[in-house]
Amino acid sequence: MPVDATTAVLEAVGAPAPVSLEPLTGGTYNTVTRVTFGDGGQWVVKVPPAHSAGLSYEQHLLVNEVTFYDAAAEAGATIPRVVHSELDPGAPTGAYIVMTARPGRPWSAIGDGLTPDETRSLRAEFGGIVGRLHRVTGPGFGYPGGALGPLSATWREAFTAMTDAVLRDAEGYGARLPLPVDRIREVLAGASDVLDEVTRPALVHFDLWQGNLLVTGEPGARRVGGIIDGERMFWGDPVADLVSTSLFGDPEADLDFLAGYAGATGSPVVFTPSLRRRLGLYRGYLYLIMLTETVPRGYGSEEVAGTWEAVAPRLVAALEEL
């Protein structure tokens, strides 16, 4: 089925016959295939699932992704370029994106093979890329795909809609959460005043864990080859990206990343009490997504247990800090 869907897309865009089709694993939502042509050129074809089961914000994710890549090109970042796209699920091929392939392997696959010097250099380069992305300003706050409605005029309004949606999803799917939904909603609302400090809708990837960072080059000459999977993006607070750039870690301790980021933006990230409070809100949102999505994605018992063990205590801690 994935190969058939990819072949249909290639035929629809008039591509030459490929030499090979290589399924790319590591994602948990879309079907992604690397296509290699006879001249050595490569594309990546992404096709969303035919079903509509998922979280509320996951509708029209390809719109988000195309928006991210187009906006990131403005920043001159190391990002795939969209070659073709069809965003209408009712099209004969269904929705899809065809993009250029970026070089390298996921950082998560080679992390143990990096020297300390390589890691520091890559973290600084990564910080600079994210800083350039965050300089891009959007037309409003929220998800451009419109899954939760049109873009909002304020970040507090947009983020409240985002958290309300995932809490409704948790209730609807009967997802296991470490605290009652009403209590979680109350805590998030009680801290939402700090969101009013955010007045510019920046380009936020919100999925910058090491599986979405490609590293290229031989040992001793490593570089960031690309940032991929921009489908979770939104226009909002750039601070939100620090939740995944140091996933389950402390972004304040990521000094090389922060140095690269400051070099790109022209100003350092200052971890004031209110900024830390915003980080707590974004951690809460991410952890709610991670716990709730285990149901519609049909995780097995071991994966559900592993997610609960890793995420539930961190959600409780984030809420307690708020």
# chains A, B, ... in the order shown; residues from 1 in each chain; ligands from 1
>>> residues_around(residues="segment 307-309 of chain A", least_positions_apart="3", cutoff="12 Å", atoms="only C-alpha atoms", output="MDAnalysis selection string")
chainID A and resid 175:178 287:295 299:304 312:316
>>> residues_around(residues="Gly260 of chain A", least_positions_apart="6", cutoff="10 Å", atoms="only C-alpha atoms", output="MDAnalysis selection string")
chainID A and resid 121:131 266 268
>>> closest_atom_pairs(of="segment 194-262 of chain A", to="segment 142-145 of chain A", cutoff="8 Å", atoms="only C-alpha atoms", output="Markdown table")
| residue | atom | partner | partner_atom | distance |
| --- | --- | --- | --- | --- |
| A:Met233 | CA | A:Tyr143 | CA | 7.0 |
| A:Phe234 | CA | A:Tyr143 | CA | 4.6 |
| A:Trp235 | CA | A:Gly142 | CA | 5.1 |
| A:Gly236 | CA | A:Gly142 | CA | 6.4 |
>>> write_last_selection(atoms="all heavy atoms", output="short mmCIF file (atom, residue, chain, number, x, y, z; two decimals), in the first residue's frame")
data_model
loop_
_atom_site.label_atom_id
_atom_site.label_comp_id
_atom_site.auth_asym_id
_atom_site.auth_seq_id
_atom_site.Cartn_x
_atom_site.Cartn_y
_atom_site.Cartn_z
N MET A 233 4.39 22.11 13.47
CA MET A 233 4.69 23.52 13.66
C MET A 233 3.45 24.33 14.01
O MET A 233 2.32 23.95 13.73
CB MET A 233 5.35 24.09 12.42
CG MET A 233 4.46 24.20 11.18
SD MET A 233 3.30 25.61 11.11
CE MET A 233 4.43 26.99 11.01
N PHE A 234 3.70 25.47 14.63
CA PHE A 234 2.66 26.47 14.82
C PHE A 234 3.33 27.83 14.88
O PHE A 234 4.55 27.95 15.00
CB PHE A 234 1.83 26.20 16.09
CG PHE A 234 2.63 26.01 17.36
CD1 PHE A 234 3.21 27.08 18.03
CD2 PHE A 234 2.78 24.74 17.90
CE1 PHE A 234 3.92 26.89 19.21
CE2 PHE A 234 3.50 24.54 19.08
CZ PHE A 234 4.06 25.62 19.73
N TRP A 235 2.52 28.86 14.77
CA TRP A 235 2.99 30.22 14.97
C TRP A 235 2.76 30.56 16.43
O TRP A 235 1.62 30.51 16.91
CB TRP A 235 2.22 31.20 14.08
CG TRP A 235 2.35 30.98 12.60
CD1 TRP A 235 1.38 30.53 11.75
CD2 TRP A 235 3.51 31.22 11.80
NE1 TRP A 235 1.87 30.46 10.46
CE2 TRP A 235 3.17 30.88 10.46
CE3 TRP A 235 4.80 31.67 12.06
CZ2 TRP A 235 4.07 31.00 9.40
CZ3 TRP A 235 5.71 31.78 11.01
CH2 TRP A 235 5.34 31.45 9.71
N GLY A 236 3.83 30.88 17.17
CA GLY A 236 3.65 31.12 18.59
C GLY A 236 4.92 31.60 19.27
O GLY A 236 5.74 32.31 18.68
#
>>> residues_around(residues="Ala77 of chain A", least_positions_apart="2", cutoff="10 Å", atoms="only C-alpha atoms", output="PyMOL selection string")
chain A and resi 69+71-75+79-80+128-133+226-227
>>> residues_around(residues="segment 198-206 of chain A", least_positions_apart="6", cutoff="8 Å", atoms="only C-alpha atoms", output="PyMOL selection string")
chain A and resi 68+71+133-141+154-155+230-238+240-241+243-244
>>> closest_residue(among="A:Ile97, A:Val66, A:Leu213, A:Ala50", to="Thr6 of chain A", atoms="only C-alpha atoms")
A:Ile97
>>> atom_distance(atom1="atom CA of Leu114 of chain A", atom2="atom CA of Leu214 of chain A")
13.3 Å
>>> closest_residue(among="A:Thr163, A:Gln42, A:Ser274, A:Gln210", to="Tyr57 of chain A", atoms="only C-alpha atoms")
A:Thr163
>>> decode(residues="segment 77-102 of chain A", atoms="N, CA, C and O atoms", output="compact mmCIF listing (two decimals), in the first residue's frame")
# COMPACT_ATOMS: atom_id res chain seq x y z
N ALA A 77 17.51 28.36 6.34
CA ALA A 77 17.90 27.25 7.20
C ALA A 77 18.08 25.97 6.37
O ALA A 77 17.77 25.92 5.18
N THR A 78 18.62 24.95 7.04
CA THR A 78 18.91 23.68 6.39
C THR A 78 17.65 22.81 6.40
O THR A 78 17.48 21.93 7.21
N ILE A 79 16.75 23.10 5.47
CA ILE A 79 15.40 22.55 5.48
C ILE A 79 15.08 21.99 4.09
O ILE A 79 15.53 22.54 3.08
N PRO A 80 14.30 20.89 3.99
CA PRO A 80 13.87 20.42 2.67
C PRO A 80 13.10 21.50 1.93
O PRO A 80 12.47 22.38 2.53
N ARG A 81 13.12 21.40 0.62
CA ARG A 81 12.36 22.30 -0.24
C ARG A 81 11.18 21.53 -0.84
O ARG A 81 11.34 20.41 -1.33
N VAL A 82 10.00 22.12 -0.78
CA VAL A 82 8.81 21.47 -1.34
C VAL A 82 8.88 21.54 -2.86
O VAL A 82 9.02 22.61 -3.45
N VAL A 83 8.78 20.36 -3.50
CA VAL A 83 8.81 20.27 -4.96
C VAL A 83 7.39 20.23 -5.52
O VAL A 83 7.07 20.90 -6.50
N HIS A 84 6.54 19.43 -4.91
CA HIS A 84 5.14 19.32 -5.28
C HIS A 84 4.34 19.10 -4.01
O HIS A 84 4.85 18.50 -3.04
N SER A 85 3.08 19.52 -4.02
CA SER A 85 2.21 19.21 -2.89
C SER A 85 0.76 19.19 -3.34
O SER A 85 0.38 19.89 -4.27
N GLU A 86 -0.01 18.35 -2.69
CA GLU A 86 -1.46 18.30 -2.86
C GLU A 86 -2.04 18.23 -1.46
O GLU A 86 -1.80 17.25 -0.73
N LEU A 87 -2.74 19.26 -1.05
CA LEU A 87 -3.21 19.35 0.32
C LEU A 87 -4.67 18.94 0.49
O LEU A 87 -5.18 18.92 1.61
N ASP A 88 -5.33 18.58 -0.61
CA ASP A 88 -6.73 18.17 -0.57
C ASP A 88 -6.83 16.66 -0.42
O ASP A 88 -6.47 15.92 -1.35
N PRO A 89 -7.30 16.17 0.73
CA PRO A 89 -7.42 14.72 0.90
C PRO A 89 -8.37 14.08 -0.10
O PRO A 89 -8.30 12.87 -0.35
N GLY A 90 -9.27 14.88 -0.70
CA GLY A 90 -10.21 14.36 -1.68
C GLY A 90 -9.66 14.28 -3.09
O GLY A 90 -10.36 13.82 -4.00
N ALA A 91 -8.43 14.66 -3.31
CA ALA A 91 -7.81 14.56 -4.64
C ALA A 91 -7.65 13.10 -5.03
O ALA A 91 -7.61 12.22 -4.16
N PRO A 92 -7.57 12.79 -6.33
CA PRO A 92 -7.44 11.39 -6.75
C PRO A 92 -6.29 10.65 -6.09
O PRO A 92 -6.39 9.45 -5.79
N THR A 93 -5.20 11.35 -5.83
CA THR A 93 -4.05 10.71 -5.16
C THR A 93 -4.16 10.78 -3.64
O THR A 93 -3.37 10.16 -2.94
N GLY A 94 -5.10 11.56 -3.13
CA GLY A 94 -5.08 11.92 -1.73
C GLY A 94 -4.08 13.04 -1.52
O GLY A 94 -3.46 13.53 -2.46
N ALA A 95 -3.92 13.47 -0.28
CA ALA A 95 -2.96 14.54 0.02
C ALA A 95 -1.54 13.97 0.04
O ALA A 95 -1.33 12.79 0.35
N TYR A 96 -0.57 14.82 -0.27
CA TYR A 96 0.83 14.39 -0.23
C TYR A 96 1.74 15.61 -0.27
O TYR A 96 1.32 16.71 -0.61
N ILE A 97 3.00 15.37 0.10
CA ILE A 97 4.07 16.35 -0.12
C ILE A 97 5.22 15.61 -0.78
O ILE A 97 5.58 14.50 -0.38
N VAL A 98 5.81 16.24 -1.79
CA VAL A 98 7.05 15.77 -2.38
C VAL A 98 8.09 16.84 -2.09
O VAL A 98 7.88 18.02 -2.40
N MET A 99 9.18 16.44 -1.47
CA MET A 99 10.21 17.42 -1.09
C MET A 99 11.60 16.89 -1.42
O MET A 99 11.78 15.69 -1.66
N THR A 100 12.55 17.80 -1.45
CA THR A 100 13.93 17.39 -1.66
C THR A 100 14.43 16.61 -0.44
O THR A 100 14.00 16.86 0.69
N ALA A 101 15.31 15.66 -0.68
CA ALA A 101 15.89 14.88 0.41
C ALA A 101 17.09 15.62 0.98
O ALA A 101 17.90 16.17 0.24
N ARG A 102 17.18 15.64 2.30
CA ARG A 102 18.33 16.23 2.96
C ARG A 102 19.34 15.14 3.29
O ARG A 102 18.97 14.00 3.58
